[in-house]
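Written below as C-alpha cells is the structure these notes are about.
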Amino acid sequence: MIRLLIYALLGYLLYRYFKPKLSKTDSEQDSGRADQQADLIKDPQCGTYFLKRHGVRARIGGKDVYFCSRQCRDSYLAGQGNPHGKSRGT
Ligand SMILES: [Zn+2]
C-alpha cells in the first residue's frame, strides 16, 4: 500500500519535473522567438553573423538594418548612395 503511494508520488514528481520543461519551451518559442532566434543576424556589409543587441543599428529605406560595427554601417551607407556599391541581389 505504501509502496503504491511512493510510486504515485514518484510519478507525480516526474510529471512535474518534465511537464514545466515542455510547456516552458513552448512558451519560449512563442514569446522569446524574436529575441532568441532572430538575435543572430547577418551583417549585410561584411557578411558576419553577430548578436543583434551587439550590433549597430541604422535606419535604411524605412527599416532597421544591423551591422557588426560602425565601420560596416558607414561603408554600407556609403555604398547605398553609390550605384556601383554592393546591392542586394534577388
Ligand atoms: Zn561587419
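Each chain of the C-alpha cells is named A, B, ... in the order shown, its residues numbered from 1; ligands are numbered from 1 in display order.
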
- Query: Using only C-alpha atoms, which residues sit within 7 Å of segment 37-54 of chain A once same-chain residues fewer than 4 positions away are excluded, as a PyMOL selection string?
  - Reply: chain A and resi 33+66-68+72+76

Taking C-alpha atoms for each residue, export the selection above as a short mmCIF file (atom, residue, chain, number, x, y, z; two decimals), in the first residue's frame.
```
data_model
loop_
_atom_site.label_atom_id
_atom_site.label_comp_id
_atom_site.auth_asym_id
_atom_site.auth_seq_id
_atom_site.Cartn_x
_atom_site.Cartn_y
_atom_site.Cartn_z
CA ARG A 33 11.43 33.64 -30.61
CA TYR A 66 22.02 46.00 -38.17
CA PHE A 67 25.74 45.95 -38.64
CA CYS A 68 28.53 44.37 -36.68
CA CYS A 72 30.44 48.43 -41.64
CA TYR A 76 27.27 50.23 -46.25
#
```

- For ligand 1, which of A:Arg57, A:Lys19, A:Leu13, A:Gln80 is the closest residue, counting only C-alpha atoms and all ligand atoms?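 Among the listed residues, A:Arg57 lies closest to ligand 1.
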
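The coordinates place atom CA of Ile2 of chain A at 20.7 Å from atom CA of Arg16 of chain A.
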
- Mind giving me the straight-line distance from atom CA of Asp74 of chain A to atom CA of Ala58 of chain A in Å, one decimal?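 Interatomic distance, atom CA of Asp74 of chain A to atom CA of Ala58 of chain A: 9.3 Å.
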
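Nearest residue to Arg70 of chain A among A:Leu10, A:Tyr15, A:Gly55, A:Met1 is A:Gly55, counting only C-alpha atoms.
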
- Message: Calculated over only C-alpha atoms and all ligand atoms, which of the candidates A:Ile60, A:Tyr17, A:Gly11, A:Val65 has the smallest distance to ligand 1?
- Response: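 When distances to ligand 1 are compared using only C-alpha atoms and all ligand atoms, the smallest one comes from A:Val65.
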
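Between atom CA of Ser75 of chain A and atom CA of Gly61 of chain A the separation is 15.9 Å.
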